[in-house]
Amino acid sequence: MGKILAVALAAVSYTKASSPPGAVYIDPLQYNVVGANYTKWRNSSAIGFNPTNTAPPFIQVFDPSFLEVTGPSATIRKIASNPGFAFAHEAPIYVPDLNLVFFASNGGGALGYSGWYNNSVVGMINMTEVDLALSSTTGDVNIQVHTLNLSDTVQMVNGGTGPYKGDLLFVTSGRALLPPAIVRVNPSPPYNTTVLLDNFLGRQFNSLNDIKILPGTDIMFFTDPSYGWLNGFRPEPMLPSQVYRFDPSTGQVRVVADQFVHPNGIAFAPDGKTAYITDTGLFGGFLGTNQTLPATIYQFDVDPKTQSFTNRRVFAYIDSGGPDGIQFDTKGNVYAGCGDGINVWNDKGTLTGKFFTNSTAAELIFTKSGLVILAETTMYVTNIQAHGMTLAT
């Protein structure tokens, strides 16, 4: 008991001495037993765990090591907002040479204003403008988001990575009978577009969701759940919900992992030896939410010969909402967009902290200015000291 107390006191002392302004330390030992008379039971995963009732957004620290991610002066500041439009949902790509972040609005979901007859929107925010605005105030700012006028082959963008050979690399979910696809988009006007893949041997994919490049290669890996159908903008699925490998140099496409409910985000550890897939099985679109289905990040070994995903195991289960987009920093920490903000785990699967927004933040991307958070109707930036792994190819 004395040893545990000493560790806890040391953690609190370290947190007080080094934590960012407004950060809250949540000592897990204080909440292991709450008793039958506890009044804050969370019977819905839509409610975030905020036992201190701190006003969001703020930084939650579950382990002192999280301070190595945040640094001593990190804050969370709003950089763009549109309360009536979920303009900042998915597919963030940061182009360092232009200092721009590209992203997509919600396809088929709440406040997305898109569906069977209407496409989603790809937007862009200039981080140089963000930096200038933030330097002139200690509060929030609202920088203009620019809309891209893209080719009709780009329907319902939902995932992205890159830059890939200088271009944005998007996956689209497709819309109505228009096929899901992997597309390259030039990040400068007129945003010339090249479709790289739009079928699996003559069969349309369901609704592509996310994409990453295996580090050290040009090979693309992407997820294909059935959310297009579940959200009313695609026909009934004709393929299992799977993860695919695509080699653009040979045109070969094949499945590398299956047995998911709804495979969503995808990422590789910096060394490329381990893959991570998020499964948001609990979210069923028009079928409703089922909290007994996965809200889980799965971890796999990447077979060095075949690049198939092997040795599947649970990396983390999400306590609020489901894990959507997933990214890595250079130290191997895992970041995922969840129902209460951005959750962060170390490489052993220990939840070390959260950037708590008390609302769904589906995606995130590292920039020179810090970590940019996509929270549907709002975008934030937090000036943490951690750096993202290189995604450019």
# chains A, B, ... in the order shown; residues from 1 in each chain; ligands from 1
>>> residues_around(residues="A:Arg254", least_positions_apart="6", cutoff="12 Å", atoms="only C-alpha atoms", output="PyMOL selection string")
chain A and resi 199-201+219-223+242-247+306-309
>>> write_last_selection(atoms="N, CA and C atoms", output="PDB file, in the first residue's frame")
ATOM      1  N   ASN A 199     -12.391  -0.465 -58.249  1.00  0.00           N
ATOM      2  CA  ASN A 199     -13.112  -1.736 -58.208  1.00  0.00           C
ATOM      3  C   ASN A 199     -12.192  -2.852 -57.742  1.00  0.00           C
ATOM      4  N   PHE A 200     -12.802  -3.944 -57.325  1.00  0.00           N
ATOM      5  CA  PHE A 200     -12.100  -5.171 -56.999  1.00  0.00           C
ATOM      6  C   PHE A 200     -12.472  -6.213 -58.047  1.00  0.00           C
ATOM      7  N   LEU A 201     -11.649  -6.289 -59.093  1.00  0.00           N
ATOM      8  CA  LEU A 201     -11.868  -7.243 -60.182  1.00  0.00           C
ATOM      9  C   LEU A 201     -13.300  -7.187 -60.712  1.00  0.00           C
ATOM     10  N   ILE A 219       3.105   1.147 -51.315  1.00  0.00           N
ATOM     11  CA  ILE A 219       1.942   0.260 -51.300  1.00  0.00           C
ATOM     12  C   ILE A 219       0.862   0.796 -50.362  1.00  0.00           C
ATOM     13  N   MET A 220      -0.359   0.799 -50.859  1.00  0.00           N
ATOM     14  CA  MET A 220      -1.486   1.391 -50.162  1.00  0.00           C
ATOM     15  C   MET A 220      -2.330   0.317 -49.483  1.00  0.00           C
ATOM     16  N   PHE A 221      -2.789   0.625 -48.279  1.00  0.00           N
ATOM     17  CA  PHE A 221      -3.678  -0.257 -47.530  1.00  0.00           C
ATOM     18  C   PHE A 221      -4.912   0.563 -47.144  1.00  0.00           C
ATOM     19  N   PHE A 222      -6.092  -0.026 -47.328  1.00  0.00           N
ATOM     20  CA  PHE A 222      -7.306   0.747 -47.084  1.00  0.00           C
ATOM     21  C   PHE A 222      -8.414  -0.129 -46.516  1.00  0.00           C
ATOM     22  N   THR A 223      -9.354   0.520 -45.831  1.00  0.00           N
ATOM     23  CA  THR A 223     -10.476  -0.169 -45.192  1.00  0.00           C
ATOM     24  C   THR A 223     -11.744   0.058 -46.007  1.00  0.00           C
ATOM     25  N   GLN A 242     -13.713  -5.434 -45.163  1.00  0.00           N
ATOM     26  CA  GLN A 242     -12.354  -5.971 -45.165  1.00  0.00           C
ATOM     27  C   GLN A 242     -11.314  -4.863 -45.261  1.00  0.00           C
ATOM     28  N   VAL A 243     -10.046  -5.280 -45.139  1.00  0.00           N
ATOM     29  CA  VAL A 243      -8.903  -4.403 -45.350  1.00  0.00           C
ATOM     30  C   VAL A 243      -8.144  -4.927 -46.569  1.00  0.00           C
ATOM     31  N   TYR A 244      -7.788  -4.008 -47.457  1.00  0.00           N
ATOM     32  CA  TYR A 244      -7.162  -4.375 -48.720  1.00  0.00           C
ATOM     33  C   TYR A 244      -5.747  -3.796 -48.846  1.00  0.00           C
ATOM     34  N   ARG A 245      -4.961  -4.455 -49.696  1.00  0.00           N
ATOM     35  CA  ARG A 245      -3.626  -3.998 -50.098  1.00  0.00           C
ATOM     36  C   ARG A 245      -3.669  -3.714 -51.592  1.00  0.00           C
ATOM     37  N   PHE A 246      -3.145  -2.556 -51.999  1.00  0.00           N
ATOM     38  CA  PHE A 246      -3.105  -2.180 -53.411  1.00  0.00           C
ATOM     39  C   PHE A 246      -1.703  -1.723 -53.769  1.00  0.00           C
ATOM     40  N   ASP A 247      -1.113  -2.402 -54.753  1.00  0.00           N
ATOM     41  CA  ASP A 247       0.202  -2.033 -55.269  1.00  0.00           C
ATOM     42  C   ASP A 247      -0.004  -1.282 -56.580  1.00  0.00           C
ATOM     43  N   THR A 306       4.560 -11.358 -47.201  1.00  0.00           N
ATOM     44  CA  THR A 306       3.304 -11.166 -47.922  1.00  0.00           C
ATOM     45  C   THR A 306       2.628  -9.834 -47.635  1.00  0.00           C
ATOM     46  N   GLN A 307       3.014  -9.189 -46.535  1.00  0.00           N
ATOM     47  CA  GLN A 307       2.393  -7.955 -46.047  1.00  0.00           C
ATOM     48  C   GLN A 307       0.932  -8.160 -45.630  1.00  0.00           C
ATOM     49  N   SER A 308       0.516  -9.408 -45.447  1.00  0.00           N
ATOM     50  CA  SER A 308      -0.775  -9.676 -44.825  1.00  0.00           C
ATOM     51  C   SER A 308      -0.697  -9.334 -43.341  1.00  0.00           C
ATOM     52  N   PHE A 309      -1.852  -9.091 -42.751  1.00  0.00           N
ATOM     53  CA  PHE A 309      -1.919  -8.756 -41.336  1.00  0.00           C
ATOM     54  C   PHE A 309      -2.149 -10.042 -40.543  1.00  0.00           C
TER      55      PHE A 309
END
>>> select_by_dssp(residues="stretch 294-372 of chain A", states="strand (DSSP E)", output="PyMOL selection string")
chain A and resi 296-302+309-317+326-328+334-338+341-345+351-356+363-367+370-372
>>> atom_distance(atom1="atom CA of A:Gly281", atom2="atom CA of A:Ser207")
14.9 Å
>>> residues_around(residues="A:Gly202", least_positions_apart="4", cutoff="12 Å", atoms="only C-alpha atoms", output="MDAnalysis selection string")
chainID A and resid 179 197:198 238:239 253
>>> write_last_selection(atoms="N, CA and C atoms", output="PDB file, in the first residue's frame")
ATOM      1  N   PRO A 179     -18.903   4.767 -58.082  1.00  0.00           N
ATOM      2  CA  PRO A 179     -18.090   3.836 -57.301  1.00  0.00           C
ATOM      3  C   PRO A 179     -17.156   4.509 -56.303  1.00  0.00           C
ATOM      4  N   LEU A 197      -7.855   3.562 -58.476  1.00  0.00           N
ATOM      5  CA  LEU A 197      -8.546   2.280 -58.288  1.00  0.00           C
ATOM      6  C   LEU A 197     -10.009   2.555 -57.975  1.00  0.00           C
ATOM      7  N   ASP A 198     -10.918   1.827 -58.657  1.00  0.00           N
ATOM      8  CA  ASP A 198     -12.333   1.993 -58.322  1.00  0.00           C
ATOM      9  C   ASP A 198     -13.105   0.674 -58.330  1.00  0.00           C
ATOM     10  N   MET A 238     -21.947  -5.478 -51.267  1.00  0.00           N
ATOM     11  CA  MET A 238     -21.808  -6.715 -52.028  1.00  0.00           C
ATOM     12  C   MET A 238     -20.495  -7.438 -51.719  1.00  0.00           C
ATOM     13  N   LEU A 239     -19.742  -6.900 -50.779  1.00  0.00           N
ATOM     14  CA  LEU A 239     -18.471  -7.499 -50.360  1.00  0.00           C
ATOM     15  C   LEU A 239     -18.412  -7.511 -48.838  1.00  0.00           C
ATOM     16  N   VAL A 253      -4.560  -6.080 -56.345  1.00  0.00           N
ATOM     17  CA  VAL A 253      -5.382  -5.764 -55.166  1.00  0.00           C
ATOM     18  C   VAL A 253      -5.726  -7.072 -54.469  1.00  0.00           C
TER      19      VAL A 253
END
>>> residues_around(residues="A:Thr377", least_positions_apart="3", cutoff="9 Å", atoms="only C-alpha atoms", output="list in words")
Ala80, Ser81, Asn82, Pro83, Gly84, Phe85, Ala86, Phe87, Ala88, His89, Leu111 and Leu374 of chain A
>>> write_last_selection(atoms="N, CA and C atoms", output="PDB file, in the first residue's frame")
ATOM      1  N   ALA A  80     -11.395  27.185 -36.154  1.00  0.00           N
ATOM      2  CA  ALA A  80     -12.464  27.360 -37.144  1.00  0.00           C
ATOM      3  C   ALA A  80     -13.739  26.758 -36.575  1.00  0.00           C
ATOM      4  N   SER A  81     -14.869  27.365 -36.926  1.00  0.00           N
ATOM      5  CA  SER A  81     -16.137  26.891 -36.374  1.00  0.00           C
ATOM      6  C   SER A  81     -17.290  27.245 -37.302  1.00  0.00           C
ATOM      7  N   ASN A  82     -18.221  26.306 -37.430  1.00  0.00           N
ATOM      8  CA  ASN A  82     -19.466  26.527 -38.157  1.00  0.00           C
ATOM      9  C   ASN A  82     -20.531  25.654 -37.501  1.00  0.00           C
ATOM     10  N   PRO A  83     -21.248  26.173 -36.504  1.00  0.00           N
ATOM     11  CA  PRO A  83     -22.153  25.348 -35.692  1.00  0.00           C
ATOM     12  C   PRO A  83     -23.219  24.602 -36.485  1.00  0.00           C
ATOM     13  N   GLY A  84     -23.558  25.056 -37.672  1.00  0.00           N
ATOM     14  CA  GLY A  84     -24.613  24.405 -38.435  1.00  0.00           C
ATOM     15  C   GLY A  84     -24.137  23.439 -39.499  1.00  0.00           C
ATOM     16  N   PHE A  85     -22.816  23.179 -39.585  1.00  0.00           N
ATOM     17  CA  PHE A  85     -22.291  22.356 -40.669  1.00  0.00           C
ATOM     18  C   PHE A  85     -21.102  21.544 -40.178  1.00  0.00           C
ATOM     19  N   ALA A  86     -21.182  20.211 -40.327  1.00  0.00           N
ATOM     20  CA  ALA A  86     -20.075  19.329 -39.927  1.00  0.00           C
ATOM     21  C   ALA A  86     -19.023  19.316 -41.033  1.00  0.00           C
ATOM     22  N   PHE A  87     -18.322  20.439 -41.158  1.00  0.00           N
ATOM     23  CA  PHE A  87     -17.360  20.644 -42.238  1.00  0.00           C
ATOM     24  C   PHE A  87     -16.032  19.941 -41.991  1.00  0.00           C
ATOM     25  N   ALA A  88     -15.755  19.582 -40.731  1.00  0.00           N
ATOM     26  CA  ALA A  88     -14.435  19.046 -40.355  1.00  0.00           C
ATOM     27  C   ALA A  88     -14.606  17.651 -39.769  1.00  0.00           C
ATOM     28  N   HIS A  89     -14.745  16.666 -40.647  1.00  0.00           N
ATOM     29  CA  HIS A  89     -15.060  15.319 -40.192  1.00  0.00           C
ATOM     30  C   HIS A  89     -13.901  14.338 -40.376  1.00  0.00           C
ATOM     31  N   LEU A 111     -25.596  16.857 -39.814  1.00  0.00           N
ATOM     32  CA  LEU A 111     -25.115  18.179 -40.243  1.00  0.00           C
ATOM     33  C   LEU A 111     -24.157  18.114 -41.423  1.00  0.00           C
ATOM     34  N   LEU A 374     -10.099  17.505 -35.754  1.00  0.00           N
ATOM     35  CA  LEU A 374     -11.342  17.688 -36.489  1.00  0.00           C
ATOM     36  C   LEU A 374     -12.497  17.231 -35.611  1.00  0.00           C
TER      37      LEU A 374
END
>>> closest_atom_pairs(of="stretch 34-108 of chain A", to="stretch 318-322 of chain A", cutoff="10 Å", atoms="only C-alpha atoms", output="CSV")
residue,atom,partner,partner_atom,distance
A:Arg42,CA,A:Ser320,CA,9.5
A:Ser44,CA,A:Ser320,CA,8.2
A:Ser45,CA,A:Ser320,CA,4.6
A:Ala46,CA,A:Gly321,CA,5.5
A:Ile47,CA,A:Ser320,CA,6.5
A:Gly48,CA,A:Ser320,CA,5.6
A:Phe49,CA,A:Ser320,CA,7.5
>>> closest_residue(among="A:Ile59, A:Val69, A:Val171, A:Val34", to="A:Phe355", atoms="only C-alpha atoms")
A:Ile59
>>> atom_distance(atom1="atom CA of A:Lys305", atom2="atom CA of A:Ala181")
26.7 Å
>>> residues_around(residues="stretch 95-97 of chain A", least_positions_apart="3", cutoff="9 Å", atoms="only C-alpha atoms", output="VMD selection string")
chain A and resid 100 to 102 162 to 163 166 to 168 187 367 to 368 392
>>> write_last_selection(atoms="C-alpha atoms", output="CSV table (one decimal), in the first residue's frame")
chain,number,residue,atom,x,y,z
A,100,LEU,CA,-2.2,23.7,-45.6
A,101,VAL,CA,-4.5,21.2,-44.1
A,102,PHE,CA,-7.1,19.5,-46.3
A,162,GLY,CA,0.1,11.9,-47.9
A,163,PRO,CA,1.4,13.9,-49.6
A,166,GLY,CA,3.3,15.6,-54.0
A,167,ASP,CA,-0.4,14.9,-54.3
A,168,LEU,CA,-3.3,14.4,-51.8
A,187,PRO,CA,-3.1,20.2,-53.8
A,367,THR,CA,1.3,20.0,-38.4
A,368,LYS,CA,4.1,22.5,-37.8
A,392,ALA,CA,4.7,11.8,-47.0
>>> residues_around(residues="A:Asn209", least_positions_apart="3", cutoff="8 Å", atoms="only C-alpha atoms", output="PyMOL selection string")
chain A and resi 158-159+171-173+222-225+264-265
>>> write_last_selection(atoms="N, CA and C atoms", output="PDB file, in the first residue's frame")
ATOM      1  N   ASN A 158     -13.654  10.319 -47.590  1.00  0.00           N
ATOM      2  CA  ASN A 158     -13.751   9.941 -46.175  1.00  0.00           C
ATOM      3  C   ASN A 158     -12.399   9.657 -45.532  1.00  0.00           C
ATOM      4  N   GLY A 159     -11.370   9.382 -46.319  1.00  0.00           N
ATOM      5  CA  GLY A 159     -10.057   9.110 -45.755  1.00  0.00           C
ATOM      6  C   GLY A 159      -8.969   9.734 -46.607  1.00  0.00           C
ATOM      7  N   VAL A 171      -9.333   8.417 -50.208  1.00  0.00           N
ATOM      8  CA  VAL A 171     -10.290   7.371 -50.550  1.00  0.00           C
ATOM      9  C   VAL A 171     -11.678   7.978 -50.462  1.00  0.00           C
ATOM     10  N   THR A 172     -12.523   7.592 -51.419  1.00  0.00           N
ATOM     11  CA  THR A 172     -13.891   8.070 -51.434  1.00  0.00           C
ATOM     12  C   THR A 172     -14.837   6.908 -51.141  1.00  0.00           C
ATOM     13  N   SER A 173     -15.972   7.219 -50.546  1.00  0.00           N
ATOM     14  CA  SER A 173     -16.969   6.197 -50.228  1.00  0.00           C
ATOM     15  C   SER A 173     -17.920   5.942 -51.392  1.00  0.00           C
ATOM     16  N   PHE A 222      -6.092  -0.026 -47.328  1.00  0.00           N
ATOM     17  CA  PHE A 222      -7.306   0.747 -47.084  1.00  0.00           C
ATOM     18  C   PHE A 222      -8.414  -0.129 -46.516  1.00  0.00           C
ATOM     19  N   THR A 223      -9.354   0.520 -45.831  1.00  0.00           N
ATOM     20  CA  THR A 223     -10.476  -0.169 -45.192  1.00  0.00           C
ATOM     21  C   THR A 223     -11.744   0.058 -46.007  1.00  0.00           C
ATOM     22  N   ASP A 224     -12.674  -0.926 -45.912  1.00  0.00           N
ATOM     23  CA  ASP A 224     -13.907  -0.860 -46.707  1.00  0.00           C
ATOM     24  C   ASP A 224     -15.096  -1.394 -45.904  1.00  0.00           C
ATOM     25  N   PRO A 225     -15.656  -0.579 -45.006  1.00  0.00           N
ATOM     26  CA  PRO A 225     -16.869  -0.979 -44.286  1.00  0.00           C
ATOM     27  C   PRO A 225     -18.106  -0.710 -45.140  1.00  0.00           C
ATOM     28  N   ASN A 264     -12.489   0.702 -39.843  1.00  0.00           N
ATOM     29  CA  ASN A 264     -12.586   2.149 -40.041  1.00  0.00           C
ATOM     30  C   ASN A 264     -11.202   2.752 -40.297  1.00  0.00           C
ATOM     31  N   GLY A 265     -10.534   3.235 -39.234  1.00  0.00           N
ATOM     32  CA  GLY A 265      -9.229   3.846 -39.415  1.00  0.00           C
ATOM     33  C   GLY A 265      -8.120   2.824 -39.567  1.00  0.00           C
TER      34      GLY A 265
END
>>> closest_residue(among="A:Gly174, A:Gly115, A:Pro189, A:Gly349", to="A:Asn149", atoms="only C-alpha atoms")
A:Pro189
>>> residues_around(residues="A:Asp347", least_positions_apart="5", cutoff="7 Å", atoms="only C-alpha atoms", output="number ranges by chain")
A: 332-334
>>> closest_residue(among="A:Leu169, A:Leu177, A:Gly108, A:Met379", to="A:Phe286", atoms="only C-alpha atoms")
A:Gly108
>>> closest_atom_pairs(of="stretch 324-372 of chain A", to="stretch 380-387 of chain A", cutoff="7 Å", atoms="only C-alpha atoms", output="CSV")
residue,atom,partner,partner_atom,distance
A:Asp329,CA,A:His387,CA,5.4
A:Thr330,CA,A:His387,CA,6.0
A:Phe366,CA,A:His387,CA,6.8
A:Ser369,CA,A:Asn383,CA,6.3
A:Gly370,CA,A:Asn383,CA,4.4
A:Leu371,CA,A:Thr382,CA,5.3
A:Val372,CA,A:Val381,CA,4.4
